[in-house]
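Engineer: Here you go, this is start_36.txt (compact mmCIF, C-alpha atoms).
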```txt
# COMPACT_ATOMS: atom_id res chain seq x y z
CA MET A 1 9.97 -11.24 19.92
CA ALA A 2 6.46 -11.73 21.24
CA ASN A 3 4.17 -13.77 18.99
CA THR A 4 0.45 -13.19 19.30
CA GLY A 5 -0.21 -16.45 17.42
CA GLU A 6 -2.77 -14.75 15.21
CA ALA A 7 -3.55 -16.20 11.79
CA PRO A 8 -2.48 -15.73 9.06
CA PHE A 9 0.95 -14.73 10.38
CA ALA A 10 2.26 -17.42 12.73
CA GLY A 11 4.93 -19.35 10.84
CA ALA A 12 4.03 -17.70 7.52
CA SER A 13 6.59 -16.74 4.90
CA ALA A 14 6.00 -13.12 3.84
CA ILE A 15 7.62 -10.75 1.37
CA ILE A 16 7.01 -7.00 1.27
CA PHE A 17 8.02 -4.98 -1.77
CA GLY A 18 8.68 -1.48 -0.49
CA GLY A 19 9.15 -2.73 3.06
CA ALA A 20 12.20 -0.77 4.18
CA LYS A 21 10.58 2.48 5.28
CA GLY A 22 7.29 4.11 6.21
CA ILE A 23 4.17 1.95 6.15
CA GLY A 24 6.09 -1.00 4.69
CA LYS A 25 8.58 -1.03 7.55
CA ALA A 26 5.84 -0.75 10.19
CA VAL A 27 3.99 -3.65 8.52
CA ALA A 28 7.16 -5.76 8.46
CA LEU A 29 7.71 -5.18 12.18
CA GLU A 30 4.05 -5.88 13.00
CA TRP A 31 3.87 -9.11 10.96
CA ALA A 32 7.12 -10.28 12.54
CA ARG A 33 5.70 -9.60 16.01
CA ARG A 34 2.79 -11.84 15.05
CA GLY A 35 5.10 -14.67 14.03
CA ALA A 36 5.75 -14.20 10.32
CA ARG A 37 9.16 -14.65 8.70
CA VAL A 38 9.56 -11.52 6.61
CA ALA A 39 11.61 -10.77 3.51
CA ILE A 40 11.92 -7.02 3.04
CA ALA A 41 12.51 -6.15 -0.62
CA ASP A 42 13.27 -2.53 -1.46
CA ILE A 43 15.12 -0.36 -3.96
CA ASP A 44 17.08 0.85 -0.91
CA SER A 45 18.78 -2.42 -0.04
CA ASP A 46 20.71 -0.90 2.88
CA ALA A 47 17.47 0.29 4.52
CA ALA A 48 15.90 -3.12 3.82
CA GLN A 49 18.75 -4.83 5.64
CA GLU A 50 18.50 -2.37 8.52
CA THR A 51 14.79 -3.10 8.94
CA ALA A 52 15.47 -6.83 8.78
CA GLY A 53 18.19 -6.36 11.38
CA GLU A 54 15.72 -4.72 13.77
CA ILE A 55 13.43 -7.74 13.47
CA VAL A 56 16.26 -10.23 13.98
CA LYS A 57 17.59 -8.26 16.96
CA ASP A 58 14.13 -8.54 18.53
CA GLY A 59 14.08 -12.32 18.06
CA GLY A 60 12.27 -12.61 14.74
CA GLU A 61 13.25 -13.96 11.34
CA ALA A 62 13.83 -11.51 8.52
CA LEU A 63 15.86 -10.93 5.38
CA GLY A 64 16.70 -7.64 3.66
CA LEU A 65 16.86 -7.66 -0.14
CA GLY A 66 17.38 -5.19 -2.94
CA ALA A 67 14.56 -5.09 -5.49
CA ASP A 68 13.47 -2.78 -8.30
CA VAL A 69 9.75 -3.20 -9.00
CA LEU A 70 10.23 -1.65 -12.44
CA SER A 71 12.09 -4.84 -13.37
CA GLN A 72 10.42 -8.25 -13.58
CA ALA A 73 13.84 -9.90 -13.36
CA SER A 74 14.72 -7.98 -10.18
CA MET A 75 11.42 -8.92 -8.54
CA GLU A 76 11.88 -12.56 -9.55
CA ASP A 77 15.39 -12.53 -8.06
CA ALA A 78 14.04 -11.18 -4.76
CA ALA A 79 11.30 -13.83 -4.79
CA ARG A 80 13.88 -16.60 -5.31
CA LYS A 81 16.07 -15.37 -2.47
CA ALA A 82 13.09 -15.06 -0.14
CA GLN A 83 11.94 -18.59 -1.01
CA GLN A 84 15.42 -19.98 -0.40
CA ALA A 85 15.37 -18.43 3.07
CA PHE A 86 11.78 -18.99 4.18
CA GLY A 87 10.03 -21.21 1.64
CA PRO A 88 7.26 -20.30 -0.80
CA ALA A 89 5.57 -16.99 -0.06
CA ASP A 90 2.37 -17.29 1.96
CA ILE A 91 1.85 -13.50 2.02
CA VAL A 92 2.94 -10.99 -0.62
CA MET A 93 2.57 -7.26 -0.06
CA ASN A 94 2.91 -4.79 -2.93
CA ASN A 95 3.61 -1.52 -1.15
CA VAL A 96 5.81 0.48 -3.52
CA GLY A 97 4.39 3.86 -4.43
CA ALA A 98 5.36 7.24 -5.86
CA ILE A 99 3.64 10.60 -5.74
CA LEU A 100 3.83 13.98 -7.46
CA ASN A 101 1.93 17.27 -7.46
CA GLY A 102 0.90 19.41 -10.41
CA HIS A 103 -1.76 20.43 -12.87
CA PRO A 104 -2.30 17.48 -15.24
CA LEU A 105 -1.42 19.62 -18.28
CA ASP A 106 1.94 20.46 -16.69
CA ILE A 107 2.87 16.83 -16.03
CA PRO A 108 4.72 15.17 -18.94
CA ASP A 109 3.59 11.83 -20.33
CA SER A 110 6.73 10.18 -18.98
CA GLU A 111 5.68 11.03 -15.42
CA TRP A 112 2.20 9.58 -15.91
CA HIS A 113 3.83 6.38 -17.16
CA ARG A 114 6.34 6.34 -14.26
CA ILE A 115 3.62 6.68 -11.64
CA PHE A 116 1.56 3.88 -13.16
CA GLU A 117 4.62 1.63 -13.62
CA LEU A 118 5.46 1.97 -9.92
CA ASN A 119 2.01 2.14 -8.36
CA TYR A 120 0.06 -0.24 -10.60
CA PHE A 121 2.15 -2.32 -12.99
CA SER A 122 4.45 -3.43 -10.16
CA LEU A 123 1.36 -5.33 -8.93
CA VAL A 124 0.90 -6.87 -12.38
CA ARG A 125 4.50 -8.10 -12.27
CA SER A 126 4.06 -9.40 -8.73
CA ASN A 127 0.90 -11.30 -9.68
CA ALA A 128 2.75 -13.03 -12.51
CA ILE A 129 5.48 -14.15 -10.11
CA PHE A 130 3.48 -15.30 -7.09
CA LEU A 131 -0.06 -16.20 -8.11
CA PRO A 132 0.71 -19.38 -10.10
CA ALA A 133 2.23 -21.11 -7.06
CA MET A 134 -0.47 -19.83 -4.71
CA LEU A 135 -3.22 -21.09 -7.01
CA GLU A 136 -1.49 -24.44 -7.46
CA ARG A 137 -1.42 -25.10 -3.72
CA GLY A 138 -4.76 -23.36 -3.08
CA SER A 139 -3.53 -20.93 -0.43
CA GLY A 140 -1.86 -17.55 -0.05
CA HIS A 141 -2.61 -13.93 0.68
CA VAL A 142 -1.99 -10.95 -1.61
CA VAL A 143 -1.92 -7.48 -0.05
CA ASN A 144 -1.91 -4.30 -2.15
CA THR A 145 -1.49 -0.74 -0.92
CA ALA A 146 -3.85 1.89 -2.35
CA SER A 147 -4.94 5.25 -0.88
CA PHE A 148 -7.98 7.27 0.18
CA ALA A 149 -7.21 9.16 -3.05
CA GLY A 150 -8.43 6.13 -4.98
CA LEU A 151 -11.71 5.96 -3.06
CA TYR A 152 -13.15 9.44 -3.54
CA PRO A 153 -12.17 12.68 -5.29
CA TYR A 154 -9.93 15.17 -3.53
CA ALA A 155 -6.41 14.79 -4.95
CA ALA A 156 -6.89 17.33 -7.75
CA GLY A 157 -3.17 18.10 -7.80
CA ARG A 158 -2.13 14.44 -7.86
CA ILE A 159 -4.35 12.99 -10.57
CA PRO A 160 -1.82 10.41 -11.86
CA TYR A 161 -1.35 9.14 -8.30
CA ALA A 162 -5.08 9.11 -7.51
CA SER A 163 -5.88 7.36 -10.79
CA SER A 164 -3.28 4.67 -10.19
CA LYS A 165 -4.57 4.04 -6.66
CA ALA A 166 -8.15 3.77 -7.90
CA ALA A 167 -6.86 1.14 -10.32
CA VAL A 168 -5.18 -0.71 -7.44
CA ILE A 169 -8.47 -0.81 -5.52
CA SER A 170 -10.34 -2.10 -8.57
CA MET A 171 -7.69 -4.73 -9.26
CA SER A 172 -7.75 -5.91 -5.65
CA GLU A 173 -11.51 -6.21 -5.38
CA ASN A 174 -11.80 -8.03 -8.70
CA LEU A 175 -8.90 -10.32 -7.85
CA ALA A 176 -10.76 -11.23 -4.66
CA LEU A 177 -13.76 -12.28 -6.75
CA LEU A 178 -11.55 -14.52 -8.85
CA LEU A 179 -9.06 -15.86 -6.33
CA GLU A 180 -10.81 -16.28 -2.99
CA PRO A 181 -12.97 -19.21 -4.22
CA LYS A 182 -9.65 -20.85 -5.14
CA GLY A 183 -8.17 -20.39 -1.64
CA VAL A 184 -6.08 -17.27 -2.26
CA ARG A 185 -7.11 -14.29 -0.18
CA VAL A 186 -6.78 -10.66 -1.24
CA SER A 187 -6.61 -7.55 0.94
CA CYS A 188 -6.21 -3.93 -0.08
CA LEU A 189 -4.78 -1.50 2.46
CA VAL A 190 -6.27 1.94 1.85
CA PRO A 191 -4.33 4.50 3.87
CA GLY A 192 -5.61 7.96 4.58
CA PRO A 193 -3.16 10.64 5.70
CA VAL A 194 -0.17 8.94 7.32
CA MET A 195 3.11 10.32 8.66
CA THR A 196 5.52 8.88 6.07
CA SER A 197 8.38 10.16 3.92
CA ILE A 198 6.65 9.48 0.58
CA SER A 199 6.53 13.21 -0.25
CA GLU A 200 10.29 13.66 0.27
CA GLY A 201 11.79 14.54 -3.09
CA MET A 202 8.32 14.86 -4.61
CA LYS A 203 8.31 16.84 -7.84
CA ASP A 204 5.99 19.87 -7.97
CA TRP A 205 5.14 20.45 -11.61
CA THR A 206 2.94 23.51 -11.03
CA PRO A 207 4.17 26.41 -8.87
CA ASP A 208 1.91 27.27 -5.93
CA LEU A 209 -0.60 24.47 -6.57
CA PRO A 210 -1.91 23.38 -3.14
CA MET A 211 -1.51 19.84 -1.82
CA TYR A 212 -5.22 19.06 -1.53
CA GLY A 213 -6.01 16.73 1.37
CA PRO A 214 -8.68 14.09 2.05
CA GLY A 215 -10.75 16.32 4.35
CA SER A 216 -10.60 18.00 7.73
CA GLU A 217 -12.63 15.12 9.21
CA THR A 218 -9.66 12.80 8.68
CA GLU A 219 -6.72 12.51 11.06
CA LEU A 220 -3.01 12.15 10.41
CA LEU A 221 -2.00 8.69 11.66
CA ASN A 222 1.35 7.12 12.46
CA THR A 223 2.62 4.11 10.56
CA GLU A 224 2.44 1.78 13.56
CA THR A 225 -1.31 2.36 13.89
CA VAL A 226 -1.82 1.65 10.18
CA ALA A 227 0.21 -1.56 10.39
CA LYS A 228 -1.94 -2.85 13.25
CA VAL A 229 -5.14 -1.96 11.41
CA LEU A 230 -3.91 -3.89 8.37
CA ALA A 231 -2.84 -6.95 10.36
CA ASP A 232 -6.12 -7.06 12.28
CA GLY A 233 -8.08 -6.67 9.04
CA MET A 234 -6.18 -9.50 7.38
CA ARG A 235 -6.77 -11.68 10.44
CA ASP A 236 -10.49 -10.90 10.24
CA GLY A 237 -10.75 -11.71 6.54
CA ARG A 238 -11.35 -8.16 5.31
CA ILE A 239 -10.77 -7.29 1.66
CA LEU A 240 -10.84 -3.49 1.71
CA ILE A 241 -8.98 -2.24 4.79
CA PRO A 242 -8.91 1.56 5.20
CA SER A 243 -6.55 2.96 7.79
CA ASP A 244 -9.58 4.66 9.36
CA ASP A 245 -13.18 3.49 8.89
CA ILE A 246 -14.18 7.13 8.43
CA ALA A 247 -13.42 6.39 4.78
CA PHE A 248 -16.62 4.36 4.58
CA ASP A 249 -18.63 7.28 5.99
CA ILE A 250 -17.14 9.57 3.36
CA ILE A 251 -17.78 7.24 0.41
CA ALA A 252 -21.32 6.64 1.69
CA ARG A 253 -21.93 10.39 1.47
CA ARG A 254 -20.47 10.38 -2.00
CA ALA A 255 -22.60 7.42 -3.09
CA ALA A 256 -25.76 9.19 -1.91
CA ASP A 257 -25.17 12.03 -4.39
CA PRO A 258 -21.87 11.93 -6.31
CA ASP A 259 -22.41 15.28 -8.03
CA LYS A 260 -23.26 17.03 -4.77
CA PHE A 261 -20.18 15.51 -3.12
CA THR A 262 -17.82 16.61 -5.89
CA ARG A 263 -19.33 20.09 -6.12
CA GLY A 264 -18.95 20.41 -2.36
CA LYS A 265 -15.24 19.71 -2.79
CA ILE A 266 -15.03 22.31 -5.56
CA GLU A 267 -16.70 24.90 -3.31
CA GLY A 268 -14.48 23.98 -0.38
CA PHE A 269 -11.31 24.37 -2.43
CA ALA A 270 -12.56 27.72 -3.79
CA SER A 271 -13.13 28.96 -0.24
CA GLY A 272 -9.58 28.04 0.78
CA ASP A 273 -10.36 24.75 2.52
CA VAL A 274 -7.81 22.40 0.95
CA GLY A 275 -8.87 19.45 3.13
CA MET A 276 -5.92 19.14 5.46
CA PRO A 277 -6.35 16.38 8.09
CA LYS A 278 -6.40 16.93 11.82
CA LEU A 279 -3.09 16.58 13.57
CA PRO A 280 -2.96 13.89 16.26
```
Take the structure from the file and write it as structure tokens.

Structural biologist:
Amino acid sequence: MANTGEAPFAGASAIIFGGAKGIGKAVALEWARRGARVAIADIDSDAAQETAGEIVKDGGEALGLGADVLSQASMEDAARKAQQAFGPADIVMNNVGAILNGHPLDIPDSEWHRIFELNYFSLVRSNAIFLPAMLERGSGHVVNTASFAGLYPYAAGRIPYASSKAAVISMSENLALLLEPKGVRVSCLVPGPVMTSISEGMKDWTPDLPMYGPGSETELLNTETVAKVLADGMRDGRILIPSDDIAFDIIARRAADPDKFTRGKIEGFASGDVGMPKLP
């Protein structure tokens, strides 16, 4: 497997929760290509082992593990196994996420809690496991996966998801304030529309409610492109890493006049423009 020798990956021990499929898998393959030893922890342990097998077959070092991010004990077990194989984690990625669609009044409380437990509190559990050792040695890199939906309003049918991803962005930026002076870096991957399987099996709680998108100015990306953007951003010391820098143009327009931006979205939805991205 070719190694680009780019920091912070060469020789690093990495663990990715939610690394068996989609963006997580592409990131695992990309980090391994850059020289990292990668533990892939996923609720689908068979898929995690398959992804690890692809890396090993290509000359890299990888380990597939089962892990349930709803369980602190399960995450701790995965962390122990990864450390036994590759040493203390230099890079931890929290990539598990769940999505749904529906009017907020149609979504039961249990689903709001489930989305936040997976998308947000899994990061809280991860921090408790990995940050003490990183802070003690004064090095490490935490990577959290958010979404364009957490940056600006458009996901009117996925409010629990959008709210949880906004919380992930806030956590990441504030962690950077606290941790980077102590030697621990923080990055937040903020994907726009990406070709993944996250919507497979997604529950629709409201019949005929559209899947509102991030805007026709955005483009549907593949996971390999997103993984390279993330790795390059980490290498360059970036904290907030959108899959496409168009996100910064959009939030700049929003910042200039938040009410005008939101009312423009309301008018667009009313006219039938649900914000679907451009196909590649």

Engineer: Would you mind reading off the distance between CA of Leu175 in chain A and CA of Gly237 in chain A, one decimal, in Å?

Structural biologist: 14.6 Å

Engineer: If you measure from CA of Ile107 in chain A to CA of Thr206 in chain A, what distance in Å do you get, rounded to one decimal?

Structural biologist: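 Spanning CA of Ile107 in chain A to CA of Thr206 in chain A is a straight-line distance of 8.3 Å.
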
Engineer: Which residue gives the smallest distance to Ser172 in chain A among A:Ile239, A:Ile250, A:Ala85, A:Ala98, with only C-alpha atoms counted?

Structural biologist: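 Between A:Ile239, A:Ile250, A:Ala85, A:Ala98, the residue approaching Ser172 in chain A most closely is A:Ile239.
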
Engineer: Which residue out of A:Leu240, A:Asn222, A:Gly213, A:Ala156 has the minimum interatomic distance to Pro277 in chain A when all atoms listed in the file are used?

Structural biologist: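 Counting all atoms listed in the file, the residue closest to Pro277 in chain A is A:Gly213.
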
Engineer: Could you please determine the separation between CA of Ser187 in chain A and CA of Val143 in chain A in Å, to one decimal place?

Structural biologist: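 These two atoms are separated by 4.8 Å.
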
Engineer: List as a PyMOL selection string the protein and nucleic acid residues near Leu131 in chain A, meaning an atom at most 9 Å away when only C-alpha atoms are counted, but skip any in the same chain fewer than 6 places from it.

Structural biologist: chain A and resi 140+142+184

Engineer: Taking only C-alpha atoms into account, which of A:Phe130, A:Met202, A:Asp249, A:Ala146 comes nearest Leu100 in chain A?

Structural biologist: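 Answer, going by the shortest atom-to-atom distance: A:Met202.
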
Engineer: Please identify every residue of range 117-140 of chain A that has at least one atom no farther than 12 Å from an atom of range 59-68 of chain A, counting only C-alpha atoms, and for each give the shortest atom pair and the distance in Å to one decimal, arranged by chain then increasing number, as a Markdown table.

Structural biologist:
```
| residue | atom | partner | partner_atom | distance |
| --- | --- | --- | --- | --- |
| A:Glu117 | CA | A:Asp68 | CA | 11.2 |
| A:Leu118 | CA | A:Asp68 | CA | 9.5 |
| A:Ser122 | CA | A:Asp68 | CA | 9.2 |
| A:Arg125 | CA | A:Asp68 | CA | 11.2 |
| A:Ser126 | CA | A:Asp68 | CA | 11.5 |
```
